[in-house]
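With compact mmCIF, C-alpha atoms and all ligand atoms inside, this is query.txt:
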```
# COMPACT_ATOMS: atom_id res chain seq x y z
CA MET A 1 -11.49 -19.75 -3.32
CA ASP A 2 -14.81 -17.95 -3.82
CA ALA A 3 -13.82 -14.93 -5.97
CA ALA A 4 -17.15 -13.14 -5.48
CA LEU A 5 -16.76 -13.42 -1.71
CA ALA A 6 -13.16 -12.17 -1.99
CA ASP A 7 -14.50 -9.15 -3.94
CA ARG A 8 -16.99 -8.36 -1.17
CA LEU A 9 -14.32 -8.73 1.52
CA ASP A 10 -11.83 -6.62 -0.44
CA ALA A 11 -14.49 -3.92 -0.82
CA VAL A 12 -14.54 -3.27 2.95
CA LEU A 13 -10.75 -3.20 3.41
CA PRO A 14 -8.86 0.13 3.77
CA GLN A 15 -6.72 -0.36 0.62
CA THR A 16 -3.55 1.08 2.15
CA GLN A 17 -1.69 -2.04 0.92
CA CYS A 18 0.40 -1.75 4.09
CA THR A 19 0.99 -5.55 4.43
CA ARG A 20 0.46 -5.46 8.21
CA CYS A 21 -2.06 -8.29 7.87
CA GLY A 22 0.83 -10.53 6.79
CA TYR A 23 -0.24 -10.56 3.13
CA ALA A 24 1.13 -8.64 0.14
CA GLY A 25 -1.83 -6.27 0.10
CA CYS A 26 -5.55 -5.96 0.71
CA ARG A 27 -6.64 -8.21 -2.16
CA PRO A 28 -4.38 -11.14 -1.15
CA TYR A 29 -5.71 -10.80 2.40
CA ALA A 30 -9.29 -10.80 1.11
CA GLU A 31 -8.56 -13.96 -0.87
CA ALA A 32 -7.00 -15.61 2.20
CA LEU A 33 -10.12 -14.68 4.21
CA ALA A 34 -12.38 -16.10 1.51
CA SER A 35 -10.49 -19.37 1.51
CA GLY A 36 -10.45 -19.60 5.32
CA ALA A 37 -6.67 -19.18 5.59
CA ALA A 38 -6.74 -15.83 7.43
CA GLY A 39 -8.61 -14.45 10.43
CA ILE A 40 -10.85 -11.39 10.47
CA ASP A 41 -8.62 -9.75 13.10
CA GLN A 42 -5.52 -9.07 11.01
CA CYS A 43 -6.06 -5.55 9.61
CA PRO A 44 -4.93 -2.80 12.02
CA PRO A 45 -5.69 0.14 9.67
CA GLY A 46 -9.28 -1.07 9.38
CA GLY A 47 -9.72 -1.26 13.15
CA ASP A 48 -12.38 -3.18 15.02
CA ALA A 49 -15.19 -1.78 12.84
CA THR A 50 -13.66 -3.31 9.69
CA ALA A 51 -13.04 -6.59 11.54
CA ALA A 52 -16.76 -6.59 12.42
CA ALA A 53 -17.70 -5.98 8.76
CA LEU A 54 -15.48 -8.90 7.70
CA ALA A 55 -17.06 -11.11 10.37
CA GLU A 56 -20.53 -10.26 9.09
CA LEU A 57 -19.61 -11.09 5.49
CA LEU A 58 -18.16 -14.42 6.62
CA GLY A 59 -20.98 -15.24 9.04
CA GLN A 60 -18.60 -15.28 11.99
CA SER A 61 -18.68 -13.67 15.44
CA ALA A 62 -16.96 -10.31 15.56
CA ARG A 63 -13.72 -9.89 17.48
CA PRO A 64 -11.26 -6.99 17.77
CA VAL A 65 -8.05 -6.68 15.79
CA SER A 66 -5.35 -8.87 17.28
CA PRO A 67 -2.45 -6.88 18.80
CA ALA A 68 -0.17 -9.45 17.15
CA PHE A 69 -0.78 -7.55 13.90
CA GLY A 70 -0.57 -4.05 15.42
CA VAL A 71 -2.99 -1.39 16.56
CA GLN A 72 -5.09 0.99 14.50
CA GLY A 73 -3.15 3.98 15.79
CA PRO A 74 -3.33 7.73 15.15
CA VAL A 75 -3.60 9.41 11.75
CA ARG A 76 -0.05 9.91 10.48
CA VAL A 77 1.63 10.94 7.25
CA ALA A 78 5.21 10.56 6.09
CA ILE A 79 7.43 13.60 5.78
CA ILE A 80 10.83 13.82 4.10
CA ASP A 81 13.64 15.91 5.58
CA GLU A 82 14.66 17.64 2.37
CA ALA A 83 17.94 18.81 3.90
CA VAL A 84 19.01 15.18 4.23
CA CYS A 85 17.35 13.56 1.17
CA ILE A 86 19.94 12.54 -1.44
CA GLY A 87 17.41 12.03 -4.25
CA CYS A 88 18.16 8.32 -4.66
CA ALA A 89 14.48 7.61 -5.51
CA LYS A 90 14.47 4.33 -3.56
CA CYS A 91 11.30 5.38 -1.74
CA LEU A 92 9.29 5.89 -4.94
CA PRO A 93 8.55 2.27 -5.90
CA ALA A 94 7.86 1.40 -2.25
CA CYS A 95 4.84 3.70 -2.06
CA PRO A 96 1.71 1.77 -3.08
CA VAL A 97 -0.34 4.91 -3.66
CA ASP A 98 2.19 7.13 -5.46
CA ALA A 99 2.20 9.71 -2.70
CA ILE A 100 5.87 10.64 -3.20
CA VAL A 101 7.00 13.00 -5.92
CA GLY A 102 10.54 13.47 -7.16
CA ALA A 103 12.99 12.08 -9.68
CA ARG A 104 16.47 10.62 -9.42
CA LYS A 105 19.00 13.17 -8.09
CA GLN A 106 16.17 15.52 -7.05
CA LEU A 107 14.68 16.16 -3.64
CA HIS A 108 11.61 14.10 -2.86
CA THR A 109 8.40 15.24 -1.18
CA VAL A 110 5.34 13.45 0.18
CA ILE A 111 1.91 14.62 -0.98
CA GLY A 112 0.27 14.64 2.44
CA ARG A 113 -3.33 14.28 1.25
CA GLU A 114 -2.45 11.08 -0.66
CA CYS A 115 -0.31 9.45 2.05
CA SER A 116 -1.99 6.59 3.91
CA GLY A 117 0.67 6.44 6.61
CA CYS A 118 1.58 2.88 5.66
CA GLU A 119 5.30 3.46 6.43
CA LEU A 120 6.46 1.28 3.53
CA CYS A 121 8.72 4.09 2.27
CA ILE A 122 10.79 4.19 5.47
CA PRO A 123 12.90 0.98 5.24
CA PRO A 124 14.27 1.60 1.70
CA CYS A 125 15.58 5.10 2.55
CA PRO A 126 19.37 4.81 2.93
CA VAL A 127 19.73 8.05 4.90
CA ASP A 128 16.73 7.69 7.27
CA CYS A 129 15.23 11.02 6.27
CA ILE A 130 11.58 9.86 6.27
CA THR A 131 9.64 10.18 9.51
CA MET A 132 5.97 10.01 10.44
CA LEU A 133 4.07 13.13 11.47
CA GLU A 134 0.98 12.71 13.65
CA LEU A 135 -2.00 14.66 12.31
CA ASP A 136 -4.61 13.41 14.75
CA PRO A 137 -4.16 11.24 17.85
CA ARG A 138 -7.52 9.56 17.20
CA PRO A 139 -7.83 6.64 14.79
CA LEU A 140 -9.88 7.25 11.64
CA PRO A 141 -13.61 6.52 11.97
CA LEU A 142 -15.06 3.87 9.66
CA ALA A 143 -16.68 6.38 7.27
CA ALA A 144 -13.31 8.06 6.69
CA ILE A 145 -11.57 4.68 6.25
CA ARG A 146 -14.10 3.78 3.55
CA ALA A 147 -13.82 7.16 1.81
CA ARG A 148 -10.03 6.98 1.75
CA ALA A 149 -10.14 3.38 0.55
CA LEU A 150 -11.74 4.58 -2.70
CA GLN A 151 -8.90 7.08 -3.21
CA TYR A 152 -6.15 4.55 -2.36
CA ARG A 153 -7.70 1.85 -4.55
CA GLU A 154 -7.62 4.15 -7.56
CA ARG A 155 -4.06 5.30 -6.97
CA TYR A 156 -2.82 1.74 -6.31
CA ALA A 157 -4.40 0.53 -9.56
CA ALA A 158 -2.76 3.39 -11.48
CA GLN A 159 0.60 2.64 -9.87
CA ARG A 160 0.32 -1.06 -10.76
CA ALA A 161 -0.68 -0.25 -14.35
CA ARG A 162 2.34 2.03 -14.77
CA GLY A 163 4.63 -0.61 -13.26
CA ALA A 164 3.28 -3.25 -15.65
CA ALA A 165 3.78 -0.91 -18.62
CA ARG A 166 7.38 -0.22 -17.54
CA GLU A 167 8.08 -3.95 -17.19
CA ALA A 168 6.58 -4.66 -20.62
CA ALA A 169 8.72 -1.91 -22.21
CA ARG A 170 11.81 -3.30 -20.47
CA ALA A 171 11.05 -6.83 -21.71
CA ARG A 172 10.63 -5.48 -25.27
CA ARG A 173 14.01 -3.69 -25.07
CA LEU A 174 15.74 -6.85 -23.82
CA GLU A 175 14.11 -8.91 -26.55
CA ALA A 176 15.21 -6.43 -29.21
CA ARG A 177 18.79 -6.53 -27.90
CA ALA A 178 18.83 -10.33 -27.84
CA ALA A 179 17.46 -10.67 -31.39
CA PRO A 180 20.17 -11.67 -33.94
CA ARG A 181 21.22 -8.78 -36.18
CA GLN A 182 20.35 -9.05 -39.85
CA PRO A 183 23.40 -8.93 -42.16
CA PRO A 184 23.47 -5.79 -44.37
CA PRO A 185 22.02 -6.40 -47.86
S1 LIG B 201 -4.93 -2.23 4.92
FE1 LIG B 201 -5.41 -4.08 6.09
S2 LIG B 201 -5.86 -5.64 4.54
FE2 LIG B 201 -4.84 -3.92 3.49
S3 LIG B 201 -2.70 -4.56 3.45
FE3 LIG B 201 -3.00 -3.28 5.30
S4 LIG B 201 -3.44 -4.75 6.95
FE4 LIG B 201 -3.68 -5.83 5.00
S1 LIG B 202 4.48 8.19 1.40
FE1 LIG B 202 5.23 6.47 2.62
S2 LIG B 202 3.80 6.31 4.31
FE2 LIG B 202 2.81 7.59 2.77
S3 LIG B 202 1.59 6.14 1.54
FE3 LIG B 202 3.57 6.32 0.54
S4 LIG B 202 4.81 4.65 1.36
FE4 LIG B 202 3.04 4.92 2.72
S1 LIG B 203 14.79 7.08 -0.26
FE1 LIG B 203 15.25 8.76 1.18
S2 LIG B 203 17.06 9.74 0.32
FE2 LIG B 203 16.19 8.47 -1.31
S3 LIG B 203 14.85 9.90 -2.45
FE3 LIG B 203 13.57 8.87 -0.92
S4 LIG B 203 13.59 10.24 0.85
FE4 LIG B 203 15.28 10.88 -0.46
```
Would you mind writing the structure in this file as structure tokens?
Ligand code: SF4
Ligand code: SF4
Ligand code: SF4
Amino acid sequence: MDAALADRLDAVLPQTQCTRCGYAGCRPYAEALASGAAGIDQCPPGGDATAAALAELLGQSARPVSPAFGVQGPVRVAIIDEAVCIGCAKCLPACPVDAIVGARKQLHTVIGRECSGCELCIPPCPVDCITMLELDPRPLPLAAIRARALQYRERYAAQRARGAAREAARARRLEARAAPRQPPP
């Protein structure tokens, strides 16, 4: 896999990390494109304009996003019905861009300006209190997709860094518990 090419491909992707392309996020999709394992038509949030940018980078003919992966769709954000939310916090780790605020046993809220509309928070909610609100029936134009990608990239990186720090702390705690106790002097 050509990592420099994957970087260039990743740079034009929307960074919602929605997984609709069939990969675990934008970077894995970019790597699959760079290695020839994926097609340019697999990213619905990027729309046909992003597919064309991918085609150009790969020296291929442009083609629209395949309906098999979904359609670009309107601009939507998640909203939480606070009267129904039980504060279980299961939606928090599902959000790739940390757009949900709340703590265990507290009501949760979506920060609308940070929400990419990826819908990944919906399946983990045990009481189905997350729905999507349409803000604009038109899909985002390419310039807005690119501008938002910068915001989502930063928030996703911060979320991953915090997750890694939590895992490292957990591993240290487990290691400390497993270590044999020293007998008292
Ligand atoms: S934004 Fe596009 S490339 Fe990124 S995860 Fe979603 S479908 Fe895949
Ligand atoms: S709040 Fe839900 S829909 Fe919005 S970005 Fe987070 S996971 Fe995606
Ligand atoms: S998963 Fe649903 S019920 Fe649990 S905190 Fe999130 S919105 Fe509330």
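Distance check against Ala99 (chain A) using only C-alpha atoms: of A:Asp128, A:Ala30, A:Arg155, A:Ala149, the minimum falls on A:Arg155.
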Legend entry - Distance filter 10 Å around ligand LIG 202 (chain B), atoms: all atoms listed in the file, out as a count of residues only: 40
Legend entry - Which of A:Ala83, A:Cys26, A:Ala62, A:Ala11 sits closest to Gln106 (chain A) [using all atoms listed in the file]: A:Ala83
Inset, instruction - Name each residue within 6 Å of ligand LIG 203 (chain B), counting only C-alpha atoms and all ligand atoms, as a ChimeraX atom specification. - result: /A:80,85-91,108,124-127,129-130
Expected axis-aligned box over every listed atom of region 148-154 of chain A, 6 Å added per side, centre plus edges in Å to one decimal, as AutoDock Vina command-line options:
```
--center_x -8.9 --center_y 4.5 --center_z -2.9 --size_x 17.6 --size_y 17.2 --size_z 21.3
```
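Shell of Pro137 (chain A) at 9 Å, with all atoms listed in the file counted and residues fewer than 5 places along the chain excluded, is Gly73, Pro74, Val75 and Arg76 of chain A.
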Kindly provide, as an mmCIF file with C-alpha atoms, in the frame of the given file, all nucleotide and amino acid residues lying within 6 Å of ligand LIG 201 (chain B), counting only C-alpha atoms and all ligand atoms.
```cif
data_model
loop_
_atom_site.group_PDB
_atom_site.id
_atom_site.type_symbol
_atom_site.label_atom_id
_atom_site.label_comp_id
_atom_site.auth_asym_id
_atom_site.auth_seq_id
_atom_site.Cartn_x
_atom_site.Cartn_y
_atom_site.Cartn_z
ATOM 1 C CA LEU A 13 -10.750 -3.200 3.410
ATOM 2 C CA PRO A 14 -8.860 0.130 3.770
ATOM 3 C CA GLN A 15 -6.720 -0.360 0.620
ATOM 4 C CA THR A 16 -3.550 1.080 2.150
ATOM 5 C CA GLN A 17 -1.690 -2.040 0.920
ATOM 6 C CA CYS A 18 0.400 -1.750 4.090
ATOM 7 C CA THR A 19 0.990 -5.550 4.430
ATOM 8 C CA ARG A 20 0.460 -5.460 8.210
ATOM 9 C CA CYS A 21 -2.060 -8.290 7.870
ATOM 10 C CA GLY A 25 -1.830 -6.270 0.100
ATOM 11 C CA CYS A 26 -5.550 -5.960 0.710
ATOM 12 C CA TYR A 29 -5.710 -10.800 2.400
ATOM 13 C CA CYS A 43 -6.060 -5.550 9.610
ATOM 14 C CA PRO A 44 -4.930 -2.800 12.020
ATOM 15 C CA PRO A 45 -5.690 0.140 9.670
ATOM 16 C CA GLY A 46 -9.280 -1.070 9.380
#
```
Inset, instruction - Please indicate the distance in Å from CA of Pro67 (chain A) to CA of Gln42 (chain A), rounded to one decimal place. - result: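 Here the two named atoms are 8.7 Å from each other.
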Legend entry - Residue neighbourhood Ala143 (chain A), 12 Å, all atoms listed in the file, exclusion window fewer than 2 positions, as a ChimeraX atom specification: /A:12-14,46-47,49-50,139-141,145-150
Inset, instruction - Determine the nearest neighbour of Ile40 (chain A) from the options A:Pro64, A:Gly22, A:Gly102, A:Pro28, counting all atoms listed in the file. - result: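 Checking each of A:Pro64, A:Gly22, A:Gly102, A:Pro28 against Ile40 (chain A), counting all atoms listed in the file, the winner is A:Pro64.
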Inset, instruction - Quote the spacing between CA of Gln60 (chain A) and CA of Arg153 (chain A) in Å to one decimal place. - result: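 Separation of CA of Gln60 (chain A) and CA of Arg153 (chain A): 26.2 Å.
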Inset, instruction - Figure out the distance between CA of Ala158 (chain A) and CA of Asp136 (chain A), please, to one decimal in Å. - result: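 Separation of CA of Asp136 (chain A) and CA of Ala158 (chain A): 28.1 Å.
At a cut-off of 12 Å from (-6.9, -15.3, -2.0), the residue set is Met1, Asp2, Ala3, Ala4, Leu5, Ala6, Asp7, Leu9, Asp10, Tyr23, Ala24, Gly25, Cys26, Arg27, Pro28, Tyr29, Ala30, Glu31, Ala32, Leu33, Ala34, Ser35, Gly36, Ala37 and Ala38 of chain A (counting all atoms listed in the file).
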